[in-house]
Every structure is written in C-alpha cells, then in structure tokens.
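Structure file target.cif with mmCIF, C-alpha atoms:
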data_my_file
#
loop_
_atom_site.label_atom_id
_atom_site.label_comp_id
_atom_site.auth_asym_id
_atom_site.auth_seq_id
_atom_site.Cartn_x
_atom_site.Cartn_y
_atom_site.Cartn_z
CA MET A 747 3.94 -12.17 -7.10
CA SER A 748 3.52 -10.64 -3.66
CA THR A 749 5.09 -7.38 -2.47
CA THR A 750 5.04 -6.17 1.12
CA LEU A 751 5.54 -2.51 1.94
CA THR A 752 6.19 -0.87 5.28
CA VAL A 753 3.65 1.93 5.70
CA GLU A 754 3.95 4.49 8.49
CA GLY A 755 1.08 6.70 9.62
CA MET A 756 -1.96 4.40 9.46
CA HIS A 757 -3.98 4.94 12.64
CA CYS A 758 -7.45 3.57 11.85
CA GLY A 759 -9.51 1.47 9.49
CA GLY A 760 -10.08 4.51 7.30
CA CYS A 761 -6.33 4.89 6.90
CA GLU A 762 -6.06 1.25 5.86
CA GLY A 763 -8.83 1.80 3.31
CA THR A 764 -7.10 4.85 1.88
CA VAL A 765 -3.86 2.90 1.44
CA VAL A 766 -5.65 -0.03 -0.19
CA GLU A 767 -7.52 2.26 -2.59
CA ALA A 768 -4.28 4.01 -3.56
CA LEU A 769 -2.53 0.70 -4.18
CA GLU A 770 -5.42 -0.75 -6.19
CA ARG A 771 -5.16 2.18 -8.63
CA VAL A 772 -1.60 1.16 -9.61
CA ASP A 773 -1.29 -0.76 -12.88
CA GLY A 774 -0.55 -4.42 -12.29
CA VAL A 775 -2.17 -4.67 -8.84
CA GLU A 776 -4.58 -7.58 -8.58
CA ARG A 777 -5.33 -7.30 -4.86
CA ALA A 778 -4.12 -5.17 -1.95
CA SER A 779 -4.50 -5.21 1.82
CA ALA A 780 -3.22 -3.03 4.65
CA ASP A 781 -2.70 -3.66 8.36
CA ARG A 782 -2.14 -0.67 10.63
CA GLU A 783 -1.04 -2.82 13.57
CA SER A 784 1.90 -4.32 11.67
CA ALA A 785 2.41 -1.10 9.63
CA THR A 786 2.39 -3.09 6.39
CA ALA A 787 0.57 -3.32 3.11
CA THR A 788 0.63 -6.40 0.91
CA VAL A 789 0.04 -6.35 -2.82
CA GLU A 790 -0.59 -9.25 -5.19
CA GLY A 791 0.29 -8.69 -8.83
CA ASP A 792 3.18 -7.53 -10.95
CA ALA A 793 3.23 -3.80 -10.15
CA ASP A 794 6.60 -2.09 -9.76
CA ALA A 795 7.52 -1.51 -6.10
CA ARG A 796 8.51 2.10 -6.84
CA ASP A 797 5.03 2.79 -8.22
CA LEU A 798 3.46 1.24 -5.12
CA VAL A 799 5.57 3.37 -2.79
CA ALA A 800 4.75 6.49 -4.81
CA ALA A 801 1.00 5.74 -4.66
CA VAL A 802 1.07 5.34 -0.87
CA GLU A 803 3.12 8.50 -0.43
CA ASP A 804 0.74 10.43 -2.70
CA ALA A 805 -2.06 9.29 -0.38
CA GLY A 806 -0.26 10.93 2.54
CA TYR A 807 1.63 8.08 4.20
CA GLU A 808 5.31 7.14 4.39
CA ALA A 809 6.19 3.92 2.61
CA ARG A 810 9.18 1.77 1.68
CA ALA A 811 9.56 -1.53 -0.06
#

Rewrite the structure of this file - the entire thing - as structure tokens.
Amino acid sequence: MSTTLTVEGMHCGGCEGTVVEALERVDGVERASADRESATATVEGDADARDLVAAVEDAGYEARA
C-alpha cells in the first residue's frame, strides 16, 4: 500500500533526508521517499497515516495525509 503525505518546510536535500529517516522509523514502513519540489513524501507499507504525520511533525515539518 502506498501513502502520500503533503510535507511543508523542506528546502534542501538534507530536509528530504530528515523526512525520509523519520518516516522509515515508523512501524510498517517498507520504503519512503521525499520530494521538496512537490512538497510530498511517499511511503510504501502498511503504516498508519496518523503515525506517519506525527513522525514528520516530530522531525520539525508540517504534514498532512
């Protein structure tokens, strides 16, 4: 299953990496990617969207599913 989040506040490759690392720590995430230009992050796996949003917000970015 694929989930796409809107992520505000990514300005560079380091920001994308931080978001990906935060998402990959969530139980059920198989793979994650982030794209600052489209302000999105995509997750493969069966993680709960609320947990994904919380992980991104804990990393310092605004997110919504």

Discussion item. What's around range 780-790 of chain A at 7 Å? Count all atoms listed in the file, leave out sequence neighbours fewer than 3 positions away in its own chain, and write the answer as a PyMOL selection string.
Written reply: chain A and resi 747-754+756-758+762+765-766+775-777

Worksheet item: Taking all atoms listed in the file into account, which of A:Ala793, A:Val772, A:Ala778, A:Cys761 comes nearest Gly806 in chain A?
Response: A:Cys761

Discussion item. Once the PyMOL selection byres ((chain A and resi 801) around 12) has been evaluated on this model, what residues remain selected, and can you format them as an MDAnalysis selection string?
Written reply: chainID A and resid 751 753 764:773 775 787 793:800 802:810

Could you write out the selected residues, including C-alpha atoms, as a PDB file, in the coordinates of the input?
ATOM      1  CA  LEU A 751       5.540  -2.510   1.940  1.00  0.00           C
ATOM      2  CA  VAL A 753       3.650   1.930   5.700  1.00  0.00           C
ATOM      3  CA  THR A 764      -7.100   4.850   1.880  1.00  0.00           C
ATOM      4  CA  VAL A 765      -3.860   2.900   1.440  1.00  0.00           C
ATOM      5  CA  VAL A 766      -5.650  -0.030  -0.190  1.00  0.00           C
ATOM      6  CA  GLU A 767      -7.520   2.260  -2.590  1.00  0.00           C
ATOM      7  CA  ALA A 768      -4.280   4.010  -3.560  1.00  0.00           C
ATOM      8  CA  LEU A 769      -2.530   0.700  -4.180  1.00  0.00           C
ATOM      9  CA  GLU A 770      -5.420  -0.750  -6.190  1.00  0.00           C
ATOM     10  CA  ARG A 771      -5.160   2.180  -8.630  1.00  0.00           C
ATOM     11  CA  VAL A 772      -1.600   1.160  -9.610  1.00  0.00           C
ATOM     12  CA  ASP A 773      -1.290  -0.760 -12.880  1.00  0.00           C
ATOM     13  CA  VAL A 775      -2.170  -4.670  -8.840  1.00  0.00           C
ATOM     14  CA  ALA A 787       0.570  -3.320   3.110  1.00  0.00           C
ATOM     15  CA  ALA A 793       3.230  -3.800 -10.150  1.00  0.00           C
ATOM     16  CA  ASP A 794       6.600  -2.090  -9.760  1.00  0.00           C
ATOM     17  CA  ALA A 795       7.520  -1.510  -6.100  1.00  0.00           C
ATOM     18  CA  ARG A 796       8.510   2.100  -6.840  1.00  0.00           C
ATOM     19  CA  ASP A 797       5.030   2.790  -8.220  1.00  0.00           C
ATOM     20  CA  LEU A 798       3.460   1.240  -5.120  1.00  0.00           C
ATOM     21  CA  VAL A 799       5.570   3.370  -2.790  1.00  0.00           C
ATOM     22  CA  ALA A 800       4.750   6.490  -4.810  1.00  0.00           C
ATOM     23  CA  VAL A 802       1.070   5.340  -0.870  1.00  0.00           C
ATOM     24  CA  GLU A 803       3.120   8.500  -0.430  1.00  0.00           C
ATOM     25  CA  ASP A 804       0.740  10.430  -2.700  1.00  0.00           C
ATOM     26  CA  ALA A 805      -2.060   9.290  -0.380  1.00  0.00           C
ATOM     27  CA  GLY A 806      -0.260  10.930   2.540  1.00  0.00           C
ATOM     28  CA  TYR A 807       1.630   8.080   4.200  1.00  0.00           C
ATOM     29  CA  GLU A 808       5.310   7.140   4.390  1.00  0.00           C
ATOM     30  CA  ALA A 809       6.190   3.920   2.610  1.00  0.00           C
ATOM     31  CA  ARG A 810       9.180   1.770   1.680  1.00  0.00           C
TER      32      ARG A 810
END

Can you sort out range 762-782 of chain A so it carries N, CA and C atoms, written as a JSON list (two decimals), in the frame of the given file?
[["chain", "number", "residue", "atom", "x", "y", "z"],
["A", 762, "GLU", "N", -6.32, 2.49, 6.60],
["A", 762, "GLU", "CA", -6.06, 1.25, 5.86],
["A", 762, "GLU", "C", -6.80, 1.28, 4.52],
["A", 763, "GLY", "N", -8.05, 1.72, 4.54],
["A", 763, "GLY", "CA", -8.83, 1.80, 3.31],
["A", 763, "GLY", "C", -8.23, 2.75, 2.30],
["A", 764, "THR", "N", -7.73, 3.88, 2.77],
["A", 764, "THR", "CA", -7.10, 4.85, 1.88],
["A", 764, "THR", "C", -5.87, 4.25, 1.21],
["A", 765, "VAL", "N", -5.06, 3.54, 1.99],
["A", 765, "VAL", "CA", -3.86, 2.90, 1.44],
["A", 765, "VAL", "C", -4.24, 1.83, 0.42],
["A", 766, "VAL", "N", -5.22, 1.01, 0.74],
["A", 766, "VAL", "CA", -5.65, -0.03, -0.19],
["A", 766, "VAL", "C", -6.17, 0.58, -1.49],
["A", 767, "GLU", "N", -6.99, 1.61, -1.39],
["A", 767, "GLU", "CA", -7.52, 2.26, -2.59],
["A", 767, "GLU", "C", -6.39, 2.83, -3.44],
["A", 768, "ALA", "N", -5.40, 3.45, -2.82],
["A", 768, "ALA", "CA", -4.28, 4.01, -3.56],
["A", 768, "ALA", "C", -3.51, 2.91, -4.28],
["A", 769, "LEU", "N", -3.28, 1.81, -3.58],
["A", 769, "LEU", "CA", -2.53, 0.70, -4.18],
["A", 769, "LEU", "C", -3.31, 0.05, -5.32],
["A", 770, "GLU", "N", -4.61, -0.09, -5.16],
["A", 770, "GLU", "CA", -5.42, -0.75, -6.19],
["A", 770, "GLU", "C", -5.50, 0.07, -7.48],
["A", 771, "ARG", "N", -5.17, 1.34, -7.42],
["A", 771, "ARG", "CA", -5.16, 2.18, -8.63],
["A", 771, "ARG", "C", -3.88, 1.99, -9.46],
["A", 772, "VAL", "N", -2.87, 1.34, -8.91],
["A", 772, "VAL", "CA", -1.60, 1.16, -9.61],
["A", 772, "VAL", "C", -1.74, 0.03, -10.63],
["A", 773, "ASP", "N", -1.26, 0.27, -11.84],
["A", 773, "ASP", "CA", -1.29, -0.76, -12.88],
["A", 773, "ASP", "C", -0.56, -2.01, -12.42],
["A", 774, "GLY", "N", -1.17, -3.15, -12.63],
["A", 774, "GLY", "CA", -0.55, -4.42, -12.29],
["A", 774, "GLY", "C", -0.97, -4.97, -10.94],
["A", 775, "VAL", "N", -1.72, -4.20, -10.15],
["A", 775, "VAL", "CA", -2.17, -4.67, -8.84],
["A", 775, "VAL", "C", -3.44, -5.49, -9.02],
["A", 776, "GLU", "N", -3.41, -6.72, -8.54],
["A", 776, "GLU", "CA", -4.58, -7.58, -8.58],
["A", 776, "GLU", "C", -5.39, -7.48, -7.29],
["A", 777, "ARG", "N", -4.68, -7.35, -6.16],
["A", 777, "ARG", "CA", -5.33, -7.30, -4.86],
["A", 777, "ARG", "C", -4.39, -6.61, -3.88],
["A", 778, "ALA", "N", -4.94, -5.85, -2.95],
["A", 778, "ALA", "CA", -4.12, -5.17, -1.95],
["A", 778, "ALA", "C", -4.80, -5.25, -0.60],
["A", 779, "SER", "N", -3.99, -5.26, 0.46],
["A", 779, "SER", "CA", -4.50, -5.21, 1.82],
["A", 779, "SER", "C", -3.54, -4.37, 2.65],
["A", 780, "ALA", "N", -4.05, -3.84, 3.76],
["A", 780, "ALA", "CA", -3.22, -3.03, 4.65],
["A", 780, "ALA", "C", -3.55, -3.40, 6.09],
["A", 781, "ASP", "N", -2.54, -3.33, 6.95],
["A", 781, "ASP", "CA", -2.70, -3.66, 8.36],
["A", 781, "ASP", "C", -1.98, -2.62, 9.20],
["A", 782, "ARG", "N", -2.75, -1.76, 9.86],
["A", 782, "ARG", "CA", -2.14, -0.67, 10.63],
["A", 782, "ARG", "C", -1.34, -1.18, 11.82]]
